[in-house]
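> What follows is my_file_2.cif, mmCIF, C-alpha atoms; chains and numbers go by the auth columns.
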data_start
loop_
_atom_site.group_PDB
_atom_site.id
_atom_site.type_symbol
_atom_site.label_atom_id
_atom_site.label_comp_id
_atom_site.label_asym_id
_atom_site.label_seq_id
_atom_site.Cartn_x
_atom_site.Cartn_y
_atom_site.Cartn_z
_atom_site.B_iso_or_equiv
_atom_site.auth_seq_id
_atom_site.auth_asym_id
ATOM 1 C CA MET A 1 -1.329 -5.360 -28.344 0.00 186 A
ATOM 2 C CA ALA A 2 -0.777 -2.718 -31.009 0.00 187 A
ATOM 3 C CA ALA A 3 0.246 0.772 -29.949 0.00 188 A
ATOM 4 C CA PRO A 4 -2.498 3.424 -30.177 0.00 189 A
ATOM 5 C CA THR A 5 -2.447 5.657 -33.229 0.00 190 A
ATOM 6 C CA MET A 6 -3.843 9.087 -33.925 0.00 191 A
ATOM 7 C CA GLY A 7 -7.156 9.076 -35.737 0.00 192 A
ATOM 8 C CA ALA A 8 -7.098 9.186 -39.506 0.00 193 A
ATOM 9 C CA GLY A 9 -6.634 12.691 -40.867 0.00 194 A
ATOM 10 C CA ALA A 10 -5.912 14.119 -37.431 0.00 195 A
ATOM 11 C CA ASP A 11 -3.321 16.877 -37.202 0.00 196 A
ATOM 12 C CA GLN A 12 -1.231 16.869 -34.024 0.00 197 A
ATOM 13 C CA THR A 13 -1.430 20.637 -33.540 0.00 198 A
ATOM 14 C CA THR A 14 -5.167 20.677 -34.156 0.00 199 A
ATOM 15 C CA VAL A 15 -5.788 17.817 -31.751 0.00 200 A
ATOM 16 C CA THR A 16 -3.639 19.505 -29.094 0.00 201 A
ATOM 17 C CA ALA A 17 -5.735 22.664 -29.411 0.00 202 A
ATOM 18 C CA ALA A 18 -8.892 20.567 -29.198 0.00 203 A
ATOM 19 C CA VAL A 19 -7.624 18.945 -26.012 0.00 204 A
ATOM 20 C CA TRP A 20 -7.154 22.391 -24.468 0.00 205 A
ATOM 21 C CA SER A 21 -10.675 23.348 -25.512 0.00 206 A
ATOM 22 C CA ALA A 22 -11.978 20.137 -23.949 0.00 207 A
ATOM 23 C CA LEU A 23 -10.157 20.879 -20.704 0.00 208 A
ATOM 24 C CA ALA A 24 -11.756 24.333 -20.719 0.00 209 A
ATOM 25 C CA THR A 25 -15.144 22.640 -20.307 0.00 210 A
ATOM 26 C CA VAL A 26 -14.050 20.950 -17.066 0.00 211 A
ATOM 27 C CA GLN A 27 -14.998 22.906 -13.955 0.00 212 A
ATOM 28 C CA ASP A 28 -13.665 23.021 -10.457 0.00 213 A
ATOM 29 C CA PRO A 29 -16.898 21.787 -8.838 0.00 214 A
ATOM 30 C CA GLU A 30 -16.684 24.161 -5.882 0.00 215 A
ATOM 31 C CA LEU A 31 -15.603 27.296 -7.744 0.00 216 A
ATOM 32 C CA ASP A 32 -17.577 26.693 -10.953 0.00 217 A
ATOM 33 C CA GLU A 33 -14.642 27.888 -13.048 0.00 218 A
ATOM 34 C CA PRO A 34 -12.707 26.065 -15.780 0.00 219 A
ATOM 35 C CA LEU A 35 -9.519 24.279 -14.790 0.00 220 A
ATOM 36 C CA THR A 36 -7.786 26.138 -17.598 0.00 221 A
ATOM 37 C CA ASP A 37 -8.709 29.568 -16.216 0.00 222 A
ATOM 38 C CA LEU A 38 -7.711 28.582 -12.692 0.00 223 A
ATOM 39 C CA GLY A 39 -4.233 27.448 -13.724 0.00 224 A
ATOM 40 C CA PHE A 40 -4.854 23.855 -12.694 0.00 225 A
ATOM 41 C CA VAL A 41 -3.483 22.484 -15.989 0.00 226 A
ATOM 42 C CA SER A 42 0.308 22.440 -15.796 0.00 227 A
ATOM 43 C CA ARG A 43 0.926 20.558 -19.035 0.00 228 A
ATOM 44 C CA HIS A 44 -0.957 19.353 -22.058 0.00 229 A
ATOM 45 C CA GLU A 45 0.330 17.877 -25.297 0.00 230 A
ATOM 46 C CA VAL A 46 -0.565 15.258 -27.853 0.00 231 A
ATOM 47 C CA THR A 47 2.150 12.883 -28.991 0.00 232 A
ATOM 48 C CA ALA A 48 2.593 11.588 -32.520 0.00 233 A
ATOM 49 C CA ASP A 49 0.832 8.344 -31.622 0.00 234 A
ATOM 50 C CA GLY A 50 -2.261 10.218 -30.418 0.00 235 A
ATOM 51 C CA THR A 51 -1.658 10.050 -26.671 0.00 236 A
ATOM 52 C CA ALA A 52 -3.037 13.125 -24.917 0.00 237 A
ATOM 53 C CA VAL A 53 -0.723 13.846 -22.001 0.00 238 A
ATOM 54 C CA VAL A 54 -2.321 16.104 -19.378 0.00 239 A
ATOM 55 C CA ARG A 55 -0.916 17.012 -15.988 0.00 240 A
ATOM 56 C CA LEU A 56 -3.087 18.673 -13.347 0.00 241 A
ATOM 57 C CA ARG A 57 -2.132 20.507 -10.154 0.00 242 A
ATOM 58 C CA LEU A 58 -4.081 21.936 -7.234 0.00 243 A
ATOM 59 C CA PRO A 59 -3.512 24.792 -4.774 0.00 244 A
ATOM 60 C CA THR A 60 -2.448 22.541 -1.883 0.00 245 A
ATOM 61 C CA TYR A 61 -1.103 19.061 -1.281 0.00 246 A
ATOM 62 C CA PHE A 62 -4.166 18.286 0.853 0.00 247 A
ATOM 63 C CA CYS A 63 -7.010 19.525 -1.368 0.00 248 A
ATOM 64 C CA ALA A 64 -10.102 17.383 -0.716 0.00 249 A
ATOM 65 C CA PRO A 65 -9.728 14.060 -2.569 0.00 250 A
ATOM 66 C CA ASN A 66 -13.383 13.968 -3.590 0.00 251 A
ATOM 67 C CA PHE A 67 -13.074 17.347 -5.350 0.00 252 A
ATOM 68 C CA ALA A 68 -9.809 16.225 -6.938 0.00 253 A
ATOM 69 C CA PHE A 69 -11.304 12.935 -8.106 0.00 254 A
ATOM 70 C CA LEU A 70 -14.183 14.743 -9.806 0.00 255 A
ATOM 71 C CA MET A 71 -11.827 17.041 -11.691 0.00 256 A
ATOM 72 C CA VAL A 72 -9.474 14.290 -12.826 0.00 257 A
ATOM 73 C CA ALA A 73 -12.369 12.039 -13.889 0.00 258 A
ATOM 74 C CA ASP A 74 -14.081 14.875 -15.760 0.00 259 A
ATOM 75 C CA ALA A 75 -10.808 15.806 -17.452 0.00 260 A
ATOM 76 C CA TYR A 76 -10.344 12.186 -18.520 0.00 261 A
ATOM 77 C CA ASP A 77 -13.853 12.020 -19.995 0.00 262 A
ATOM 78 C CA ALA A 78 -13.485 15.346 -21.806 0.00 263 A
ATOM 79 C CA VAL A 79 -10.074 14.568 -23.306 0.00 264 A
ATOM 80 C CA ASN A 80 -10.913 10.968 -24.182 0.00 265 A
ATOM 81 C CA ALA A 81 -13.835 12.229 -26.274 0.00 266 A
ATOM 82 C CA VAL A 82 -11.663 14.491 -28.449 0.00 267 A
ATOM 83 C CA PRO A 83 -11.473 13.205 -32.056 0.00 268 A
ATOM 84 C CA GLY A 84 -7.917 12.153 -32.833 0.00 269 A
ATOM 85 C CA VAL A 85 -7.048 11.200 -29.256 0.00 270 A
ATOM 86 C CA ALA A 86 -6.113 7.533 -29.166 0.00 271 A
ATOM 87 C CA LEU A 87 -5.278 7.407 -25.454 0.00 272 A
ATOM 88 C CA ALA A 88 -5.902 9.829 -22.575 0.00 273 A
ATOM 89 C CA ASP A 89 -3.035 10.000 -20.070 0.00 274 A
ATOM 90 C CA ILE A 90 -4.431 12.213 -17.310 0.00 275 A
ATOM 91 C CA GLN A 91 -2.430 12.562 -14.115 0.00 276 A
ATOM 92 C CA LEU A 92 -2.852 14.642 -10.970 0.00 277 A
ATOM 93 C CA GLU A 93 0.516 15.637 -9.512 0.00 278 A
ATOM 94 C CA ASP A 94 1.768 16.819 -6.104 0.00 279 A
ATOM 95 C CA HIS A 95 -1.274 15.600 -4.161 0.00 280 A
ATOM 96 C CA PHE A 96 -1.353 13.204 -1.227 0.00 281 A
ATOM 97 C CA ALA A 97 -3.930 10.951 -2.921 0.00 282 A
ATOM 98 C CA ALA A 98 -2.626 11.332 -6.469 0.00 283 A
ATOM 99 C CA ASP A 99 -1.685 7.661 -6.939 0.00 284 A
ATOM 100 C CA THR A 100 -5.079 6.445 -5.779 0.00 285 A
ATOM 101 C CA ILE A 101 -6.980 9.000 -7.836 0.00 286 A
ATOM 102 C CA ASN A 102 -4.921 8.500 -10.991 0.00 287 A
ATOM 103 C CA SER A 103 -5.147 4.722 -10.905 0.00 288 A
ATOM 104 C CA GLY A 104 -8.849 4.788 -10.061 0.00 289 A
ATOM 105 C CA VAL A 105 -9.718 7.176 -12.886 0.00 290 A
ATOM 106 C CA ALA A 106 -7.573 5.279 -15.395 0.00 291 A
ATOM 107 C CA ALA A 107 -9.366 2.059 -14.442 0.00 292 A
ATOM 108 C CA ARG A 108 -12.785 3.775 -14.491 0.00 293 A
ATOM 109 C CA ALA A 109 -13.247 2.299 -11.036 0.00 294 A
ATOM 110 C CA GLY A 110 -15.354 5.041 -9.463 0.00 295 A
ATOM 111 C CA PHE A 111 -14.699 6.886 -6.214 0.00 296 A
ATOM 112 C CA VAL A 112 -15.852 4.180 -3.781 0.00 297 A
ATOM 113 C CA ALA A 113 -13.805 1.420 -5.394 0.00 298 A
ATOM 114 C CA SER A 114 -10.784 3.707 -5.726 0.00 299 A
ATOM 115 C CA PHE A 115 -10.912 4.603 -2.027 0.00 300 A
ATOM 116 C CA GLU A 116 -11.988 1.162 -0.830 0.00 301 A
ATOM 117 C CA GLY A 117 -12.790 1.173 2.866 0.00 302 A
ATOM 118 C CA GLU A 118 -12.624 4.985 3.046 0.00 303 A
ATOM 119 C CA ALA A 119 -15.485 6.209 0.839 0.00 304 A
ATOM 120 C CA ALA A 120 -19.116 5.313 1.422 0.00 305 A
ATOM 121 C CA ASP A 121 -20.796 6.905 -1.594 0.00 306 A
ATOM 122 C CA GLU A 122 -20.123 7.933 -5.164 0.00 307 A
ATOM 123 C CA LEU A 123 -19.918 11.655 -5.915 0.00 308 A
ATOM 124 C CA ASP A 124 -23.186 12.284 -7.754 0.00 309 A
ATOM 125 C CA SER A 125 -24.829 13.969 -4.763 0.00 310 A
ATOM 126 C CA LEU A 126 -21.764 16.116 -4.141 0.00 311 A
ATOM 127 C CA ARG A 127 -21.722 17.210 -7.773 0.00 312 A
ATOM 128 C CA ALA A 128 -25.424 18.078 -7.574 0.00 313 A
ATOM 129 C CA ASP A 129 -24.868 20.109 -4.393 0.00 314 A
ATOM 130 C CA PHE A 130 -22.196 22.186 -6.113 0.00 315 A
ATOM 131 C CA LEU A 131 -24.354 22.637 -9.196 0.00 316 A
ATOM 132 C CA ARG A 132 -27.162 23.989 -7.011 0.00 317 A
ATOM 133 C CA LYS A 133 -24.706 26.445 -5.459 0.00 318 A
ATOM 134 C CA ALA A 134 -23.563 27.406 -8.951 0.00 319 A
ATOM 135 C CA VAL A 135 -27.181 28.121 -9.896 0.00 320 A
ATOM 136 C CA LEU A 136 -27.585 30.394 -6.870 0.00 321 A
ATOM 137 C CA ALA A 137 -24.310 32.219 -7.508 0.00 322 A
ATOM 138 C CA GLY A 138 -25.130 32.571 -11.194 0.00 323 A
ATOM 139 C CA THR A 139 -28.583 33.896 -10.345 0.00 324 A
ATOM 140 C CA ASP A 140 -26.998 36.643 -8.251 0.00 325 A
ATOM 141 C CA ARG A 141 -24.598 37.610 -11.037 0.00 326 A
ATOM 142 C CA VAL A 142 -27.375 37.820 -13.611 0.00 327 A
ATOM 143 C CA CYS A 143 -29.764 39.678 -11.316 0.00 328 A
ATOM 144 C CA ARG A 144 -27.119 42.190 -10.246 0.00 329 A
ATOM 145 C CA ALA A 145 -26.384 42.946 -13.895 0.00 330 A
ATOM 146 C CA MET A 146 -30.082 43.455 -14.598 0.00 331 A
ATOM 147 C CA VAL A 147 -30.500 45.828 -11.639 0.00 332 A
ATOM 148 C CA SER A 148 -27.357 47.736 -12.650 0.00 333 A
ATOM 149 C CA ALA A 149 -28.901 48.146 -16.101 0.00 334 A
ATOM 150 C CA GLY A 150 -32.006 49.703 -14.555 0.00 335 A
ATOM 151 C CA ALA A 151 -34.332 46.819 -13.730 0.00 336 A
ATOM 152 C CA ASP A 152 -36.566 47.228 -10.669 0.00 337 A
ATOM 153 C CA PRO A 153 -35.455 44.609 -8.097 0.00 338 A
ATOM 154 C CA ALA A 154 -39.112 43.852 -7.396 0.00 339 A
ATOM 155 C CA SER A 155 -39.600 42.871 -11.045 0.00 340 A
ATOM 156 C CA LEU A 156 -37.082 40.046 -10.785 0.00 341 A
ATOM 157 C CA GLY A 157 -39.721 37.840 -9.190 0.00 342 A
ATOM 158 C CA THR A 158 -41.700 37.741 -12.440 0.00 343 A
ATOM 159 C CA ALA A 159 -38.759 37.912 -14.851 0.00 344 A
ATOM 160 C CA THR A 160 -37.907 35.034 -17.167 0.00 345 A
ATOM 161 C CA LEU A 161 -34.582 33.758 -18.432 0.00 346 A
ATOM 162 C CA GLY A 162 -35.463 35.451 -21.702 0.00 347 A
ATOM 163 C CA ASP A 163 -35.606 38.808 -19.896 0.00 348 A
ATOM 164 C CA ALA A 164 -32.000 38.441 -18.711 0.00 349 A
ATOM 165 C CA PRO A 165 -29.086 39.733 -20.791 0.00 350 A
ATOM 166 C CA GLN A 166 -28.176 37.036 -23.294 0.00 351 A
ATOM 167 C CA ASP A 167 -24.529 37.058 -22.301 0.00 352 A
ATOM 168 C CA ALA A 168 -21.944 34.631 -20.933 0.00 353 A
ATOM 169 C CA GLU A 169 -23.285 34.749 -17.367 0.00 354 A
ATOM 170 C CA THR A 170 -26.842 33.942 -18.417 0.00 355 A
ATOM 171 C CA SER A 171 -25.547 31.191 -20.687 0.00 356 A
ATOM 172 C CA ARG A 172 -23.605 29.694 -17.780 0.00 357 A
ATOM 173 C CA LEU A 173 -26.645 29.907 -15.504 0.00 358 A
ATOM 174 C CA ARG A 174 -28.794 28.254 -18.160 0.00 359 A
ATOM 175 C CA SER A 175 -26.213 25.489 -18.579 0.00 360 A
ATOM 176 C CA ARG A 176 -26.028 24.754 -14.840 0.00 361 A
ATOM 177 C CA ARG A 177 -29.810 24.586 -14.636 0.00 362 A
ATOM 178 C CA ARG A 178 -29.877 22.225 -17.596 0.00 363 A
ATOM 179 C CA GLU A 179 -27.326 19.938 -15.903 0.00 364 A
ATOM 180 C CA LEU A 180 -29.612 19.702 -12.880 0.00 365 A
ATOM 181 C CA GLY A 181 -32.705 19.107 -14.989 0.00 366 A
ATOM 182 C CA LEU A 182 -34.177 22.479 -13.985 0.00 367 A
ATOM 183 C CA PRO A 183 -36.289 24.627 -16.334 0.00 368 A
ATOM 184 C CA CYS A 184 -33.899 26.509 -18.618 0.00 369 A
ATOM 185 C CA GLU A 185 -35.879 27.897 -21.560 0.00 370 A
ATOM 186 C CA ASN A 186 -36.422 31.600 -22.245 0.00 371 A
ATOM 187 C CA SER A 187 -40.002 31.382 -20.997 0.00 372 A
ATOM 188 C CA ASP A 188 -38.978 29.819 -17.672 0.00 373 A
ATOM 189 C CA ALA A 189 -38.744 31.837 -14.468 0.00 374 A
ATOM 190 C CA LEU A 190 -35.428 33.530 -13.771 0.00 375 A
ATOM 191 C CA LEU A 191 -35.689 32.770 -10.063 0.00 376 A
ATOM 192 C CA VAL A 192 -36.210 29.116 -9.192 0.00 377 A
ATOM 193 C CA ASP A 193 -35.554 26.884 -6.235 0.00 378 A
ATOM 194 C CA PRO A 194 -32.314 25.097 -7.237 0.00 379 A
ATOM 195 C CA ALA A 195 -33.499 21.902 -5.565 0.00 380 A
ATOM 196 C CA THR A 196 -36.973 21.663 -7.106 0.00 381 A
ATOM 197 C CA GLY A 197 -37.037 24.037 -10.065 0.00 382 A
ATOM 198 C CA THR A 198 -40.224 25.708 -8.840 0.00 383 A
ATOM 199 C CA SER A 199 -40.597 29.462 -9.174 0.00 384 A
ATOM 200 C CA VAL A 200 -39.725 31.527 -6.106 0.00 385 A
ATOM 201 C CA PRO A 201 -42.890 32.939 -4.460 0.00 386 A
ATOM 202 C CA ALA A 202 -43.125 36.706 -4.123 0.00 387 A
ATOM 203 C CA ASP A 203 -42.914 36.546 -0.335 0.00 388 A
ATOM 204 C CA GLN A 204 -39.622 34.619 -0.617 0.00 389 A
ATOM 205 C CA LEU A 205 -38.014 36.928 -3.184 0.00 390 A
ATOM 206 C CA ARG A 206 -35.837 38.916 -0.804 0.00 391 A
ATOM 207 C CA ARG A 207 -34.669 35.827 1.077 0.00 392 A
ATOM 208 C CA HIS A 208 -33.851 33.968 -2.135 0.00 393 A
ATOM 209 C CA LEU A 209 -31.833 36.867 -3.531 0.00 394 A
ATOM 210 C CA GLY A 210 -30.013 37.189 -0.209 0.00 395 A
ATOM 211 C CA ILE A 211 -29.009 33.527 -0.239 0.00 396 A
ATOM 212 C CA ALA A 212 -27.927 33.851 -3.860 0.00 397 A
ATOM 213 C CA ARG A 213 -25.754 36.837 -3.017 0.00 398 A
ATOM 214 C CA VAL A 214 -24.090 35.122 -0.048 0.00 399 A
ATOM 215 C CA THR A 215 -23.423 32.044 -2.202 0.00 400 A
ATOM 216 C CA ARG A 216 -21.838 34.151 -4.930 0.00 401 A
ATOM 217 C CA VAL A 217 -19.682 36.105 -2.471 0.00 402 A
ATOM 218 C CA SER A 218 -18.502 32.862 -0.867 0.00 403 A
ATOM 219 C CA GLN A 219 -17.704 31.335 -4.262 0.00 404 A
ATOM 220 C CA ASP A 220 -15.742 34.431 -5.338 0.00 405 A
ATOM 221 C CA ALA A 221 -13.835 34.504 -2.050 0.00 406 A
ATOM 222 C CA ASN A 222 -12.916 30.824 -2.340 0.00 407 A
ATOM 223 C CA SER A 223 -11.765 31.415 -5.897 0.00 408 A
ATOM 224 C CA GLY A 224 -9.484 34.237 -4.778 0.00 409 A
ATOM 225 C CA VAL A 225 -8.004 32.122 -1.993 0.00 410 A
ATOM 226 C CA CYS A 226 -7.385 29.168 -4.319 0.00 411 A
ATOM 227 C CA ARG A 227 -5.750 31.350 -6.960 0.00 412 A
ATOM 228 C CA GLY A 228 -3.500 32.924 -4.348 0.00 413 A
ATOM 229 C CA MET A 229 -2.493 29.586 -2.878 0.00 414 A
ATOM 230 C CA LEU A 230 -1.787 28.143 -6.320 0.00 415 A
ATOM 231 C CA LEU A 231 0.494 31.090 -7.144 0.00 416 A
ATOM 232 C CA ALA A 232 2.271 30.694 -3.820 0.00 417 A
ATOM 233 C CA ARG A 233 2.852 27.017 -4.582 0.00 418 A
ATOM 234 C CA TYR A 234 3.560 27.440 -8.307 0.00 419 A
ATOM 235 C CA PRO A 235 4.764 31.025 -8.976 0.00 420 A
ATOM 236 C CA SER A 236 4.600 30.506 -12.744 0.00 421 A
ATOM 237 C CA ALA A 237 0.896 29.592 -12.707 0.00 422 A
ATOM 238 C CA THR A 238 -0.983 32.326 -14.553 0.00 423 A
ATOM 239 C CA GLY A 239 -4.078 30.486 -15.705 0.00 424 A
ATOM 240 C CA LYS A 240 -3.898 30.269 -19.498 0.00 425 A
ATOM 241 C CA GLU A 241 -0.147 29.869 -19.919 0.00 426 A
ATOM 242 C CA ASN A 242 -0.615 26.441 -21.527 0.00 427 A
ATOM 243 C CA ALA A 243 -3.133 27.461 -24.139 0.00 428 A
ATOM 244 C CA GLY A 244 -0.474 27.331 -26.811 0.00 429 A
#
Can you turn what I pasted into structure tokens?

Amino acid sequence: MAAPTMGAGADQTTVTAAVWSALATVQDPELDEPLTDLGFVSRHEVTADGTAVVRLRLPTYFCAPNFAFLMVADAYDAVNAVPGVALADIQLEDHFAADTINSGVAARAGFVASFEGEAADELDSLRADFLRKAVLAGTDRVCRAMVSAGADPASLGTATLGDAPQDAETSRLRSRRRELGLPCENSDALLVDPATGTSVPADQLRRHLGIARVTRVSQDANSGVCRGMLLARYPSATGKENAG
């Protein structure tokens, strides 16, 4: 079998930068932050033959294997789709289930087949659960910004996505809603049930915003803990040190 080659016209430096950009689209499912920002990418390079070599690391040796599998699989899909990449070599390192995860992702075997006899279901429902939490946390961030800018909290119940600041946080919220199949156009309600997409009734406004706030605080706290643990394990991890 012939060795893989870099796509025609592809420049090694350009493809390497594109691989980093692709990795920046991959989120930690629990924290809803890019692997690149979290410092979870310890190495990335593209060889002359077009092999994208990516090494991932996590805050602890015993990070949940289902979370880890999602990140490695998503990284594989993102990198494999980069023009000029002939082969994606994605490996999780320093993790108790690394061999199982790496071989399963490389074989496109899925979570259940990779962890035969240990896993009962694929990870679609888990991914959806985290996306719903991301919608709640993102709703809190957007609403807090609107209130800080002078919006009446009571008006949030009738606000639309188009009324929110058209910034990075609103864009992220819109994206998470789109991934779940929830309404995400400017004319759609800002506050929706993340499970059904229906608008939040006026008598549920305070409760919904409270849940959103607690979800955001929990997500931020978990992010801080993970960043601290990663730095304790890998003192050189600063997030974007591999951007090139």
> Would you be able to write out as a PDB file with C-alpha atoms, keeping the file's coordinate frame which residues have an atom within 12 Å of (-18.8, 36.2, -4.5) in the file's coordinates, counting only C-alpha atoms?

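Final output, saved to result-v6.pdb:
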ATOM      1  CA  LEU A 216     -15.603  27.296  -7.744  1.00  0.00           C
ATOM      2  CA  ASP A 217     -17.577  26.693 -10.953  1.00  0.00           C
ATOM      3  CA  LYS A 318     -24.706  26.445  -5.459  1.00  0.00           C
ATOM      4  CA  ALA A 319     -23.563  27.406  -8.951  1.00  0.00           C
ATOM      5  CA  LEU A 321     -27.585  30.394  -6.870  1.00  0.00           C
ATOM      6  CA  ALA A 322     -24.310  32.219  -7.508  1.00  0.00           C
ATOM      7  CA  GLY A 323     -25.130  32.571 -11.194  1.00  0.00           C
ATOM      8  CA  THR A 324     -28.583  33.896 -10.345  1.00  0.00           C
ATOM      9  CA  ASP A 325     -26.998  36.643  -8.251  1.00  0.00           C
ATOM     10  CA  ARG A 326     -24.598  37.610 -11.037  1.00  0.00           C
ATOM     11  CA  ARG A 329     -27.119  42.190 -10.246  1.00  0.00           C
ATOM     12  CA  ILE A 396     -29.009  33.527  -0.239  1.00  0.00           C
ATOM     13  CA  ALA A 397     -27.927  33.851  -3.860  1.00  0.00           C
ATOM     14  CA  ARG A 398     -25.754  36.837  -3.017  1.00  0.00           C
ATOM     15  CA  VAL A 399     -24.090  35.122  -0.048  1.00  0.00           C
ATOM     16  CA  THR A 400     -23.423  32.044  -2.202  1.00  0.00           C
ATOM     17  CA  ARG A 401     -21.838  34.151  -4.930  1.00  0.00           C
ATOM     18  CA  VAL A 402     -19.682  36.105  -2.471  1.00  0.00           C
ATOM     19  CA  SER A 403     -18.502  32.862  -0.867  1.00  0.00           C
ATOM     20  CA  GLN A 404     -17.704  31.335  -4.262  1.00  0.00           C
ATOM     21  CA  ASP A 405     -15.742  34.431  -5.338  1.00  0.00           C
ATOM     22  CA  ALA A 406     -13.835  34.504  -2.050  1.00  0.00           C
ATOM     23  CA  ASN A 407     -12.916  30.824  -2.340  1.00  0.00           C
ATOM     24  CA  SER A 408     -11.765  31.415  -5.897  1.00  0.00           C
ATOM     25  CA  GLY A 409      -9.484  34.237  -4.778  1.00  0.00           C
ATOM     26  CA  VAL A 410      -8.004  32.122  -1.993  1.00  0.00           C
TER      27      VAL A 410
END
> Using all atoms listed in the file, pick whichever of A:Ala291, A:Ala305, A:Ala263, A:Val320 has the shortest atom-to-atom distance to Arg357 of chain A.
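With all atoms listed in the file as the atom set, the closest residue is A:Val320.
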> Tell me, in Å to one decimal, how far atom CA of Asp337 of chain A is from atom CA of Gly366 of chain A.
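Atom-to-atom, atom CA of Asp337 of chain A and atom CA of Gly366 of chain A are spaced 28.7 Å apart.
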> With a distance cut-off of 12 Å and all atoms listed in the file, select the neighbouring residues of Gly224 of chain A, excluding the residue or stretch itself and same-chain residues fewer than 2 positions from it, and output the selection as an MDAnalysis selection string.
chainID A and resid 208:209 212:213 218:222 226:228 240:244 408 411:416 418:428
> Measuring between only C-alpha atoms, which one of A:Leu365, A:Ala339, A:Ala282, A:Ala313 shows the shortest distance to Thr245 of chain A?
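Of A:Leu365, A:Ala339, A:Ala282, A:Ala313, the one nearest Thr245 of chain A is A:Ala282, counting only C-alpha atoms.
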> With distances taken over only C-alpha atoms, which of A:Cys328, A:Val231, A:Leu367, A:Ala292 is nearest to Asp348 of chain A?
A:Cys328
> Some atoms are missing, so please complete segment 201-215 of chain A with N, CA and C atoms and return it as a compact mmCIF listing (two decimals), keeping the file's coordinate frame.

# COMPACT_ATOMS: atom_id res chain seq x y z
N THR A 201 -4.11 18.90 -30.34
CA THR A 201 -3.64 19.50 -29.09
C THR A 201 -4.50 20.69 -28.71
N ALA A 202 -4.86 21.52 -29.68
CA ALA A 202 -5.74 22.66 -29.41
C ALA A 202 -7.11 22.20 -28.97
N ALA A 203 -7.58 21.11 -29.57
CA ALA A 203 -8.89 20.57 -29.20
C ALA A 203 -8.87 20.01 -27.78
N VAL A 204 -7.75 19.44 -27.38
CA VAL A 204 -7.62 18.94 -26.01
C VAL A 204 -7.72 20.10 -25.03
N TRP A 205 -7.05 21.22 -25.34
CA TRP A 205 -7.15 22.39 -24.47
C TRP A 205 -8.59 22.88 -24.37
N SER A 206 -9.27 22.92 -25.52
CA SER A 206 -10.68 23.35 -25.51
C SER A 206 -11.53 22.40 -24.68
N ALA A 207 -11.23 21.11 -24.75
CA ALA A 207 -11.98 20.14 -23.95
C ALA A 207 -11.73 20.36 -22.47
N LEU A 208 -10.49 20.62 -22.11
CA LEU A 208 -10.16 20.88 -20.70
C LEU A 208 -10.85 22.15 -20.20
N ALA A 209 -11.08 23.09 -21.10
CA ALA A 209 -11.76 24.33 -20.72
C ALA A 209 -13.22 24.11 -20.35
N THR A 210 -13.76 22.95 -20.69
CA THR A 210 -15.14 22.64 -20.31
C THR A 210 -15.23 21.98 -18.94
N VAL A 211 -14.08 21.64 -18.36
CA VAL A 211 -14.05 20.95 -17.07
C VAL A 211 -13.98 21.99 -15.96
N GLN A 212 -14.90 21.92 -15.02
CA GLN A 212 -15.00 22.91 -13.96
C GLN A 212 -14.44 22.39 -12.64
N ASP A 213 -13.85 23.30 -11.88
CA ASP A 213 -13.66 23.02 -10.46
C ASP A 213 -15.07 22.99 -9.87
N PRO A 214 -15.49 21.89 -9.27
CA PRO A 214 -16.90 21.79 -8.84
C PRO A 214 -17.30 22.81 -7.78
N GLU A 215 -16.37 23.21 -6.94
CA GLU A 215 -16.68 24.16 -5.88
C GLU A 215 -16.69 25.59 -6.39
